[in-house]
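Student: For reference, this is start04.txt, and it has compact mmCIF, C-alpha atoms.
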```txt
# COMPACT_ATOMS: atom_id res chain seq x y z
CA MET A 27 -10.65 -59.57 12.70
CA VAL A 28 -7.64 -61.38 14.11
CA SER A 29 -5.73 -59.07 16.45
CA PHE A 30 -2.11 -59.01 17.59
CA SER A 31 -3.39 -60.03 21.02
CA ASP A 32 -5.14 -63.10 19.58
CA ILE A 33 -2.05 -64.15 17.65
CA ASN A 34 0.34 -63.61 20.54
CA ASN A 35 -1.91 -65.59 22.91
CA ASP A 36 -1.78 -68.51 20.46
CA LEU A 37 1.98 -68.12 20.14
CA ARG A 38 2.33 -68.15 23.91
CA ARG A 39 0.31 -71.35 24.23
CA LEU A 40 2.31 -73.05 21.50
CA LEU A 41 5.68 -71.96 22.88
CA THR A 42 4.90 -73.15 26.42
CA ASP A 43 3.57 -76.57 25.30
CA GLY A 44 6.73 -78.56 25.94
CA ARG A 45 7.90 -81.55 23.95
CA SER A 46 11.18 -83.48 24.10
CA SER A 47 13.92 -83.43 21.49
CA GLU A 48 17.61 -84.23 21.42
CA SER A 49 19.18 -81.11 19.92
CA LEU A 50 17.00 -78.74 17.93
CA PHE A 51 13.54 -77.83 19.13
CA TYR A 52 10.77 -76.68 16.82
CA SER A 53 7.68 -74.57 17.37
CA LYS A 54 4.64 -74.79 15.16
CA ILE A 55 3.37 -71.30 14.42
CA PHE A 56 -0.03 -71.23 12.75
CA MET A 57 -0.51 -68.50 10.21
CA PHE A 58 -3.75 -66.55 10.13
CA GLU A 59 -5.34 -65.63 6.83
CA GLN A 60 -8.21 -63.14 7.17
CA ASN A 61 -10.24 -64.48 10.14
CA LYS A 62 -9.40 -68.18 9.88
CA VAL A 63 -6.44 -70.36 10.74
CA ALA A 64 -4.77 -71.24 7.45
CA SER A 65 -4.19 -74.87 6.55
CA THR A 66 -0.44 -74.38 6.23
CA ALA A 67 2.01 -73.87 9.06
CA PHE A 68 5.51 -72.52 9.38
CA TRP A 69 8.17 -74.52 11.11
CA LEU A 70 10.82 -72.24 12.47
CA ALA A 71 14.05 -73.14 14.20
CA LEU A 72 17.09 -71.42 15.57
CA ALA A 73 19.53 -71.55 12.64
CA SER A 74 22.53 -70.26 14.60
CA VAL A 75 23.40 -68.54 17.85
CA ALA A 76 23.18 -65.18 16.07
CA GLY A 77 20.27 -66.31 13.93
CA PHE A 78 16.67 -65.32 13.49
CA GLY A 79 13.61 -67.48 14.03
CA VAL A 80 10.95 -68.14 16.62
CA TRP A 81 12.53 -70.85 18.70
CA THR A 82 12.11 -72.62 22.00
CA GLN A 83 14.38 -74.98 23.89
CA LEU A 84 12.01 -77.17 25.87
CA ARG A 85 12.96 -80.04 28.15
CA SER A 86 9.84 -82.10 28.87
CA ARG A 87 6.18 -81.66 29.69
CA GLY A 88 6.96 -82.02 33.36
CA THR A 89 9.39 -79.07 33.37
CA SER A 90 8.04 -75.77 34.70
CA ARG A 91 8.07 -72.67 32.51
CA SER A 92 10.40 -70.82 34.90
CA GLN A 93 12.85 -73.74 34.87
CA ARG A 94 12.79 -73.85 31.08
CA GLN A 95 13.43 -70.11 30.85
CA ALA A 96 16.30 -70.35 33.32
CA THR A 97 17.79 -73.12 31.20
CA GLN A 98 17.41 -71.12 27.98
CA LEU A 99 18.94 -67.81 29.05
CA LYS A 100 22.30 -67.23 30.67
CA SER A 101 21.99 -63.45 30.80
CA ILE A 102 20.27 -60.49 29.15
CA ALA A 103 22.88 -60.77 26.39
CA ASP A 104 21.41 -64.16 25.43
CA ALA A 105 17.79 -63.00 25.15
CA ALA A 106 17.05 -62.99 21.42
CA GLU A 107 13.57 -64.47 21.03
CA THR A 108 11.03 -62.42 19.10
CA PRO A 109 7.66 -63.64 17.79
CA LEU A 110 6.36 -63.79 14.25
CA VAL A 111 2.95 -62.16 13.74
CA VAL A 112 0.53 -61.65 10.90
CA ILE A 113 -0.49 -58.10 9.91
CA PRO A 114 -4.29 -58.58 9.81
CA SER A 115 -5.27 -55.37 7.98
CA LEU A 116 -2.78 -55.65 5.12
CA SER A 117 -3.36 -59.41 4.82
CA ARG A 118 -7.10 -58.81 4.49
CA ILE A 119 -6.70 -56.08 1.86
CA THR A 120 -4.17 -57.95 -0.30
CA GLY A 121 -5.48 -61.50 0.11
CA CYS A 122 -1.95 -62.55 1.04
CA THR A 123 -0.46 -63.49 4.40
CA ILE A 124 1.82 -60.60 5.35
CA VAL A 125 4.03 -61.66 8.24
CA GLY A 126 6.17 -59.47 10.50
CA LYS A 127 9.12 -60.51 12.65
CA MET A 128 8.73 -58.46 15.85
CA GLU A 129 12.36 -57.40 16.24
CA MET A 130 11.24 -54.29 18.12
CA LEU A 131 10.49 -56.60 21.08
CA SER A 132 14.11 -57.70 21.55
CA VAL A 133 16.00 -56.53 24.64
CA GLY A 134 17.66 -53.60 22.88
CA GLY A 135 14.57 -52.88 20.81
CA SER A 136 15.84 -53.95 17.37
CA SER A 137 17.39 -56.79 15.36
CA LYS A 138 20.80 -55.22 16.05
CA ASP A 139 20.93 -57.04 19.41
CA ARG A 140 22.12 -60.12 17.53
CA LEU A 141 24.76 -58.12 15.68
CA ALA A 142 25.94 -56.57 18.96
CA ARG A 143 26.22 -59.90 20.70
CA ALA A 144 27.91 -61.60 17.74
CA VAL A 145 30.62 -58.98 17.17
CA ILE A 146 31.39 -58.61 20.88
CA GLU A 147 31.68 -62.38 21.34
CA GLN A 148 33.87 -62.63 18.23
CA ALA A 149 36.13 -59.89 19.58
CA GLU A 150 36.35 -61.80 22.87
CA SER A 151 37.24 -65.01 21.03
CA ASP A 152 39.96 -63.11 19.17
CA HIS A 153 41.27 -61.81 22.53
CA LEU A 154 40.77 -58.20 21.48
CA ILE A 155 38.67 -57.33 24.53
CA THR A 156 38.01 -58.77 27.99
CA PRO A 157 34.96 -58.09 30.17
CA HIS A 158 35.19 -56.09 33.41
CA GLN A 159 38.60 -54.63 32.48
CA GLY A 160 37.41 -51.17 31.46
CA HIS A 161 37.51 -52.07 27.78
CA ILE A 162 35.43 -49.91 25.46
CA ILE A 163 33.14 -50.75 22.54
CA VAL A 164 33.27 -47.91 19.99
CA GLU A 165 30.75 -47.51 17.19
CA GLY A 166 29.49 -44.92 14.71
CA THR A 167 25.73 -45.19 14.39
CA VAL A 168 22.46 -43.39 13.68
CA GLY A 169 20.93 -45.10 16.71
CA SER A 170 19.73 -48.70 16.78
CA THR A 171 23.09 -50.48 16.54
CA GLY A 172 24.54 -48.18 19.18
CA ILE A 173 21.62 -48.81 21.53
CA SER A 174 22.00 -52.57 21.11
CA LEU A 175 25.76 -52.38 21.64
CA ALA A 176 25.31 -50.29 24.79
CA THR A 177 22.72 -52.77 26.09
CA ILE A 178 24.84 -55.87 25.42
CA ALA A 179 27.99 -54.07 26.62
CA ASN A 180 26.31 -53.49 29.98
CA ALA A 181 25.27 -57.13 30.22
CA LYS A 182 28.77 -58.37 29.37
CA GLY A 183 30.86 -55.88 31.35
CA TYR A 184 32.08 -53.27 28.85
CA LYS A 185 31.80 -49.52 28.38
CA ALA A 186 30.38 -48.01 25.20
CA LEU A 187 31.44 -44.92 23.24
CA ILE A 188 28.89 -44.03 20.56
CA ILE A 189 29.54 -41.49 17.78
CA MET A 190 26.35 -40.15 16.16
CA PRO A 191 25.26 -37.44 13.72
CA ASP A 192 23.60 -34.58 15.61
CA ASP A 193 20.30 -34.61 13.68
CA GLN A 194 18.73 -37.83 14.97
CA ALA A 195 15.62 -38.16 17.15
CA GLN A 196 16.36 -36.76 20.63
CA GLU A 197 15.10 -39.87 22.46
CA LYS A 198 17.91 -41.95 20.93
CA TYR A 199 20.53 -39.76 22.62
CA GLU A 200 18.60 -39.83 25.89
CA LEU A 201 18.23 -43.60 25.81
CA LEU A 202 21.95 -44.09 25.16
CA THR A 203 22.74 -41.74 28.05
CA GLN A 204 20.52 -43.75 30.40
CA LEU A 205 22.23 -46.95 29.21
CA GLY A 206 25.51 -45.46 30.41
CA ALA A 207 27.08 -44.90 27.02
CA THR A 208 29.31 -41.94 26.27
CA ILE A 209 27.93 -40.04 23.27
CA GLU A 210 29.84 -37.81 20.87
CA LYS A 211 27.69 -35.89 18.39
CA VAL A 212 29.15 -34.80 15.07
CA ARG A 213 27.87 -32.77 12.15
CA PRO A 214 26.32 -34.91 9.36
CA VAL A 215 28.79 -35.08 6.48
CA SER A 216 29.56 -37.33 3.51
CA ILE A 217 31.19 -40.70 4.20
CA ALA A 218 34.22 -39.41 2.26
CA ASP A 219 34.72 -36.70 4.89
CA PRO A 220 37.15 -37.68 7.70
CA ASN A 221 34.63 -36.24 10.18
CA HIS A 222 31.84 -38.64 9.16
CA PHE A 223 30.57 -40.37 12.32
CA VAL A 224 31.91 -43.80 11.26
CA ARG A 225 35.36 -42.34 10.49
CA VAL A 226 35.40 -40.51 13.82
CA ALA A 227 34.48 -43.73 15.69
CA GLU A 228 37.33 -45.61 14.02
CA ARG A 229 39.70 -42.78 14.90
CA ARG A 230 38.55 -42.67 18.56
CA ALA A 231 39.16 -46.40 18.98
CA LYS A 232 42.67 -46.01 17.59
CA GLU A 233 43.35 -43.06 19.90
CA ILE A 234 42.25 -45.03 22.96
CA ASN A 235 44.39 -48.01 22.01
CA GLU A 236 47.44 -45.77 21.50
CA SER A 237 46.88 -43.70 24.66
CA GLY A 238 48.63 -46.13 27.02
CA LYS A 239 45.92 -45.71 29.68
CA ARG A 240 45.59 -48.53 32.20
CA ASN A 241 42.84 -49.80 34.50
CA SER A 242 43.09 -50.16 38.28
CA ASP A 243 44.85 -53.52 37.87
CA GLY A 244 47.53 -51.96 35.70
CA ASN A 245 46.29 -53.60 32.49
CA PRO A 246 45.96 -51.49 29.32
CA ILE A 247 42.50 -50.20 28.47
CA ARG A 248 41.50 -51.35 25.01
CA ALA A 249 38.91 -50.13 22.54
CA PHE A 250 37.17 -52.22 19.91
CA PHE A 251 35.78 -50.47 16.83
CA VAL A 252 32.61 -52.12 15.51
CA ASN A 253 32.63 -52.18 11.72
CA GLN A 254 29.01 -53.13 11.03
CA PHE A 255 28.26 -56.46 9.48
CA GLU A 256 25.58 -59.03 10.11
CA THR A 257 24.87 -62.58 8.94
CA PRO A 258 21.71 -63.58 10.80
CA GLN A 259 19.73 -66.57 9.61
CA VAL A 260 16.08 -67.53 9.53
CA GLY A 261 14.65 -70.99 8.99
CA ILE A 262 11.22 -70.96 7.33
CA LYS A 263 9.81 -73.82 5.30
CA SER A 264 7.34 -72.01 3.05
CA LEU A 265 7.66 -68.39 1.92
CA ASP A 266 7.15 -66.46 -1.32
CA SER A 267 8.87 -63.15 -0.66
CA PHE A 268 11.16 -61.45 1.85
CA VAL A 269 11.00 -57.62 2.06
CA MET A 270 13.72 -55.64 3.85
CA GLY A 271 15.36 -52.23 3.88
CA ALA A 272 19.10 -51.66 4.04
CA GLY A 273 21.55 -49.37 5.77
CA THR A 274 24.91 -51.09 5.55
CA GLY A 275 22.95 -54.02 4.09
CA GLY A 276 24.22 -56.72 6.46
CA THR A 277 20.81 -57.94 7.61
CA LEU A 278 19.40 -57.91 4.08
CA ALA A 279 22.38 -59.81 2.68
CA GLY A 280 22.69 -62.33 5.52
CA VAL A 281 19.02 -63.24 5.81
CA SER A 282 18.45 -63.29 2.04
CA MET A 283 21.44 -65.52 1.29
CA PHE A 284 20.34 -68.03 3.91
CA LEU A 285 16.70 -68.07 2.80
CA LYS A 286 17.58 -68.35 -0.88
CA SER A 287 19.78 -71.36 -0.10
CA LYS A 288 16.66 -73.09 1.25
CA MET A 289 14.06 -71.66 -1.15
CA GLN A 290 15.48 -70.99 -4.61
CA ASP A 291 12.25 -69.42 -5.91
CA LEU A 292 12.07 -66.90 -3.06
CA ARG A 293 11.79 -63.26 -4.10
CA VAL A 294 13.94 -60.77 -2.17
CA VAL A 295 12.70 -57.19 -2.37
CA LEU A 296 14.61 -54.11 -1.20
CA ALA A 297 12.48 -51.48 0.58
CA ASP A 298 14.23 -48.14 0.04
CA PRO A 299 13.22 -44.79 1.58
CA GLU A 300 13.14 -41.41 -0.12
CA GLY A 301 16.62 -39.94 -0.63
CA SER A 302 18.45 -43.28 -0.72
CA GLY A 303 20.27 -44.40 -3.85
CA LEU A 304 19.95 -48.18 -3.37
CA PHE A 305 16.67 -48.39 -5.32
CA HIS A 306 18.38 -47.18 -8.50
CA LYS A 307 21.42 -49.37 -7.80
CA VAL A 308 19.21 -52.46 -7.81
CA LYS A 309 16.99 -51.38 -10.71
CA SER A 310 19.59 -49.91 -13.08
CA ASN A 311 22.99 -50.47 -11.42
CA ILE A 312 23.40 -46.70 -10.94
CA MET A 313 23.91 -45.33 -7.43
CA TYR A 314 21.65 -42.28 -7.66
CA SER A 315 18.83 -40.48 -5.92
CA PRO A 316 16.94 -37.46 -7.33
CA THR A 317 17.64 -35.64 -4.05
CA GLU A 318 21.33 -35.68 -4.99
CA ALA A 319 20.65 -33.15 -7.76
CA GLU A 320 22.50 -29.86 -7.25
CA GLY A 321 20.58 -27.37 -5.14
CA THR A 322 18.02 -29.88 -3.82
CA ARG A 323 19.87 -31.59 -0.98
CA LYS A 324 18.71 -30.84 2.58
CA ARG A 325 20.97 -33.11 4.67
CA HIS A 326 24.03 -35.28 4.21
CA GLN A 327 23.20 -38.81 5.36
CA VAL A 328 20.02 -39.58 3.38
CA ASP A 329 17.48 -36.91 2.51
CA THR A 330 14.45 -38.41 4.27
CA ILE A 331 12.47 -38.32 7.51
CA VAL A 332 13.14 -42.06 7.85
CA GLU A 333 15.90 -43.13 10.24
CA GLY A 334 17.77 -46.44 10.26
CA ILE A 335 17.65 -47.47 6.60
CA GLY A 336 18.71 -45.85 3.33
CA ILE A 337 22.19 -44.88 2.19
CA ASN A 338 23.97 -43.21 -0.72
CA ARG A 339 27.00 -45.44 -1.03
CA VAL A 340 27.52 -49.14 -1.71
CA THR A 341 28.93 -50.87 1.37
CA HIS A 342 30.81 -54.17 1.39
CA ASN A 343 27.69 -55.83 2.84
CA PHE A 344 25.40 -54.59 0.09
CA GLN A 345 27.97 -55.37 -2.59
CA THR A 346 28.06 -58.93 -1.26
CA ALA A 347 24.32 -59.17 -1.89
CA LEU A 348 24.61 -57.66 -5.36
CA LYS A 349 27.32 -60.15 -6.35
CA GLN A 350 25.00 -63.10 -5.67
CA PRO A 351 23.24 -64.01 -8.95
CA ASN A 352 19.52 -63.20 -8.81
CA LEU A 353 19.57 -62.62 -5.03
CA ILE A 354 17.65 -59.32 -5.02
CA SER A 355 14.60 -59.65 -7.27
CA ASN A 356 13.22 -56.13 -7.07
CA ALA A 357 13.34 -52.80 -5.25
CA VAL A 358 10.47 -50.60 -4.04
CA LYS A 359 10.86 -46.86 -3.47
CA VAL A 360 8.83 -45.52 -0.53
CA THR A 361 8.20 -41.80 -0.07
CA ASP A 362 8.22 -40.03 3.27
CA ARG A 363 4.48 -39.38 2.97
CA GLU A 364 3.75 -43.05 2.33
CA ALA A 365 5.81 -44.03 5.38
CA VAL A 366 4.01 -41.51 7.61
CA GLU A 367 0.58 -42.55 6.33
CA MET A 368 1.35 -46.26 6.75
CA SER A 369 2.51 -45.80 10.35
CA ARG A 370 -0.77 -44.10 11.25
CA PHE A 371 -2.80 -46.67 9.29
CA ILE A 372 -1.17 -49.61 11.12
CA LEU A 373 -1.65 -47.97 14.51
CA ARG A 374 -5.29 -47.18 13.70
CA ASN A 375 -6.15 -50.63 12.35
CA ASP A 376 -3.76 -53.06 14.06
CA GLY A 377 -2.61 -51.31 17.23
CA LEU A 378 1.05 -51.45 16.19
CA PHE A 379 3.04 -48.33 17.15
CA CYS A 380 5.89 -48.60 14.68
CA GLY A 381 8.93 -46.53 13.76
CA SER A 382 9.87 -45.10 10.39
CA SER A 383 11.89 -48.09 9.10
CA THR A 384 9.07 -50.49 9.90
CA ALA A 385 6.62 -48.22 8.11
CA VAL A 386 8.79 -48.33 4.97
CA HIS A 387 8.94 -52.14 5.21
CA LEU A 388 5.15 -52.38 5.47
CA VAL A 389 4.56 -50.14 2.43
CA ALA A 390 6.95 -52.27 0.39
CA ALA A 391 5.45 -55.53 1.72
CA TYR A 392 1.97 -54.32 0.69
CA ARG A 393 3.19 -53.46 -2.80
CA GLU A 394 4.94 -56.81 -3.14
CA ALA A 395 1.80 -58.65 -2.01
CA MET A 396 -0.32 -56.76 -4.55
CA GLN A 397 2.15 -57.65 -7.29
CA LEU A 398 2.20 -61.34 -6.36
CA GLY A 399 -1.59 -61.63 -6.00
CA PRO A 400 -3.76 -63.40 -3.39
CA GLY A 401 -2.62 -66.56 -1.65
CA HIS A 402 1.08 -65.73 -1.24
CA THR A 403 3.12 -65.22 1.92
CA VAL A 404 5.35 -62.16 2.41
CA LEU A 405 7.79 -61.75 5.32
CA THR A 406 9.20 -58.46 6.57
CA PHE A 407 10.82 -57.14 9.74
CA LEU A 408 9.02 -54.95 12.27
CA CYS A 409 12.34 -53.53 13.34
CA ASP A 410 11.69 -50.32 15.29
CA SER A 411 9.09 -48.98 17.68
CA GLY A 412 7.51 -45.54 17.48
CA THR A 413 8.86 -44.86 20.98
CA ARG A 414 12.24 -44.04 19.37
CA HIS A 415 10.71 -41.50 17.03
CA LEU A 416 8.56 -39.28 19.27
CA THR A 417 10.42 -36.03 18.53
CA LYS A 418 10.42 -36.40 14.73
CA PHE A 419 8.47 -39.12 12.90
CA TRP A 420 5.69 -39.15 15.53
CA ASN A 421 5.79 -35.44 16.35
CA ASP A 422 2.78 -33.59 14.89
CA LYS A 423 4.56 -30.23 14.73
CA TYR A 424 7.61 -31.70 13.01
CA ILE A 425 5.45 -33.60 10.51
CA LYS A 426 3.38 -30.50 9.75
CA LYS A 427 6.49 -28.38 9.22
CA ALA A 428 7.79 -31.03 6.81
CA GLY A 429 4.52 -30.89 4.87
CA LEU A 430 3.71 -34.51 5.67
CA GLU A 431 0.48 -34.25 7.66
CA PRO A 432 -1.50 -37.51 7.25
CA LYS A 433 -4.58 -37.13 5.04
CA SER A 434 -5.91 -40.68 5.11
CA SER A 435 -8.28 -42.16 7.68
CA GLY A 436 -10.22 -45.35 8.18
CA ALA A 437 -9.39 -48.88 7.07
CA GLY A 438 -8.38 -48.21 3.46
CA VAL A 439 -4.96 -47.68 1.92
CA ASP A 440 -5.94 -44.89 -0.45
CA PHE A 441 -2.59 -43.21 0.31
CA LEU A 442 -0.90 -45.97 -1.70
```
What does the file become when written as structure tokens?
Tutor:
Amino acid sequence: MVSFSDINNDLRRLLTDGRSSESLFYSKIFMFEQNKVASTAFWLALASVAGFGVWTQLRSRGTSRSQRQATQLKSIADAAETPLVVIPSLSRITGCTIVGKMEMLSVGGSSKDRLARAVIEQAESDHLITPHQGHIIVEGTVGSTGISLATIANAKGYKALIIMPDDQAQEKYELLTQLGATIEKVRPVSIADPNHFVRVAERRAKEINESGKRNSDGNPIRAFFVNQFETPQVGIKSLDSFVMGAGTGGTLAGVSMFLKSKMQDLRVVLADPEGSGLFHKVKSNIMYSPTEAEGTRKRHQVDTIVEGIGINRVTHNFQTALKQPNLISNAVKVTDREAVEMSRFILRNDGLFCGSSTAVHLVAAYREAMQLGPGHTVLTFLCDSGTRHLTKFWNDKYIKKAGLEPKSSGAGVDFL
């Protein structure tokens, strides 16, 4: 069986084998199908500064690796490389090549690093904020975007104020604290409520800007409210399906629109967790989830153990995707039990310690592969590590109390 270690060793060799080019540099990433190197290859390139893709900027064969790395990266804020890997177990079972983009390996631990960098640099270009002047990045988040913003803010010379609902995994709050961010916890409420965490963040930024406070140089302290959006790009030559979950829907919309412009026959599949209404929006154009029924709701944001994806309103980002003719081909609903079982299956069989969003993506990618049949290639994002979910999704007592104790074992996917 091909392991993650085998694949990453091959990736490392390929990425350090320098070759000259004038502007854009390509890396040949061989895809593994079952236990053999497939005859096809992906050619991936950096599509934009805020884009996705395995990329390498190499000078010449005579240039040392350390010199090349020094040339590539100006600071931590510029580190955005993440590898593409095959999921051996699911590829073997389905007969397809199921590929994961390892976004959990980015500096801030998720794909939101690119969003954080892009919006901060845009705000700088618009002269809204200036580094090392005490200016504050303000954001309402359930975790990953806030962590990325706090990470990039540190690297660029800003402070971070993060507003979060108070029912998220404890390690997210602790990580943000260690990153130096100021955290304000609020009660989970509907987005229509003025005390929703996004509304509070917008209000805090306005309050700071109107406060008249000044830094030690006498210049006014400014706050910049991050209204989430994302238009990352990926350049892949051959692909049958792209599977992705959605929160605000920026990553799904941005990546899908770029890929579809290159591959018109590409299928885009929404992976939606339990409690979210996006599945029904895609399937029947009705924003609804059974957990919304009177007397059944347990929590306000999305009634699920999954954190990071799923929502019960249509954002501007997701509406942008819906307005594109035939952009989203299908939607897959994933239950909490399926997500829990898949996370344990992948750890047991592939050694990947993934978070709840990644588990949802993998369930949906498996289902899409089974629908397509053997010989196809399915891409998804491995967007969060299990290390951010130790007190909930990976906590045995919490899982037992929720009635979600894993029942499956071994190398089969009988839970699906």
Student: Go through range 343-416 of chain A and flag each residue having an atom no more than 12 Å from range 133-153 of chain A; for those, report the closest pair of atoms plus their distance in Å to one decimal, using all atoms listed in the file, ordered by chain and rising number, as JSON lines.
Tutor:
```
{"residue": "A:Cys380", "atom": "CA", "partner": "A:Gly135", "partner_atom": "CA", "distance": 11.5}
{"residue": "A:Gly381", "atom": "CA", "partner": "A:Ser136", "partner_atom": "CA", "distance": 10.8}
{"residue": "A:Ser383", "atom": "CA", "partner": "A:Ser136", "partner_atom": "CA", "distance": 10.9}
{"residue": "A:Thr384", "atom": "CA", "partner": "A:Ser136", "partner_atom": "CA", "distance": 10.7}
{"residue": "A:Phe407", "atom": "CA", "partner": "A:Ser137", "partner_atom": "CA", "distance": 8.7}
{"residue": "A:Leu408", "atom": "CA", "partner": "A:Ser136", "partner_atom": "CA", "distance": 8.6}
{"residue": "A:Cys409", "atom": "CA", "partner": "A:Ser136", "partner_atom": "CA", "distance": 5.4}
{"residue": "A:Asp410", "atom": "CA", "partner": "A:Ser136", "partner_atom": "CA", "distance": 5.9}
{"residue": "A:Ser411", "atom": "CA", "partner": "A:Gly135", "partner_atom": "CA", "distance": 7.4}
{"residue": "A:Gly412", "atom": "CA", "partner": "A:Gly135", "partner_atom": "CA", "distance": 10.7}
{"residue": "A:Thr413", "atom": "CA", "partner": "A:Gly135", "partner_atom": "CA", "distance": 9.8}
{"residue": "A:Arg414", "atom": "CA", "partner": "A:Gly135", "partner_atom": "CA", "distance": 9.3}
```
Student: I'd like the interatomic distance between CA of Arg240 in chain A and CA of Leu187 in chain A, to a tenth of an Å.
Tutor: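 If I compute the distance from CA of Arg240 in chain A to CA of Leu187 in chain A, I get 17.1 Å.
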Student: Using only C-alpha atoms, find the one residue out of A:Thr156, A:Gly166, A:Ala186, A:Asn241 that sits nearest to Asn221 in chain A.
Tutor: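 Of A:Thr156, A:Gly166, A:Ala186, A:Asn241, the one nearest Asn221 in chain A, counting only C-alpha atoms, is A:Gly166.
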Student: List the spatial neighbours of Met270 in chain A as a VMD selection string - criterion: any atom at most 12 Å away, all atoms listed in the file, same-chain residues fewer than 6 positions off excluded.
Tutor: chain A and resid 126 to 127 276 to 282 293 to 299 334 to 336 354 to 359 383 to 391 394 404 to 409
Student: Counting all atoms listed in the file, which of A:Ala181, A:Ala395, A:Ala365, A:Ala272 gets nearest to Asn343 in chain A?
Tutor: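 Selected residue with least distance to Asn343 in chain A: A:Ala272.
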Student: Please compute the CA of Gln290 in chain A-CA of Thr346 in chain A distance, one decimal, in Å.
Tutor: 17.7 Å
Student: Work out how far CA of Met190 in chain A is from CA of Lys211 in chain A, in Å to one decimal.
Tutor: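 Distance reported for this atom pair: 5.0 Å.
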Student: Tell me which of A:Leu201, A:Ile372, A:Ala179, A:Leu442 sits closest to Leu116 in chain A, counting all atoms listed in the file.
Tutor: A:Ile372
Student: With only C-alpha atoms as the basis for distance, which of A:Glu197, A:Ala207, A:Val125, A:Pro191 is at the shortest distance from Arg225 in chain A?
Tutor: A:Pro191
Student: Contacts of Ala195 in chain A at 8 Å or less, counting only C-alpha atoms, minus same-chain residues fewer than 5 places along, as a list of chain:residue names?
Tutor: A:Arg414, A:His415, A:Leu416, A:Thr417, A:Lys418
Student: Quick one: everything within 12 Å of Lys182 in chain A, counting only C-alpha atoms, minus sequence neighbours fewer than 2 positions away in the same chain. Send it as a count of residues only.
Tutor: 28
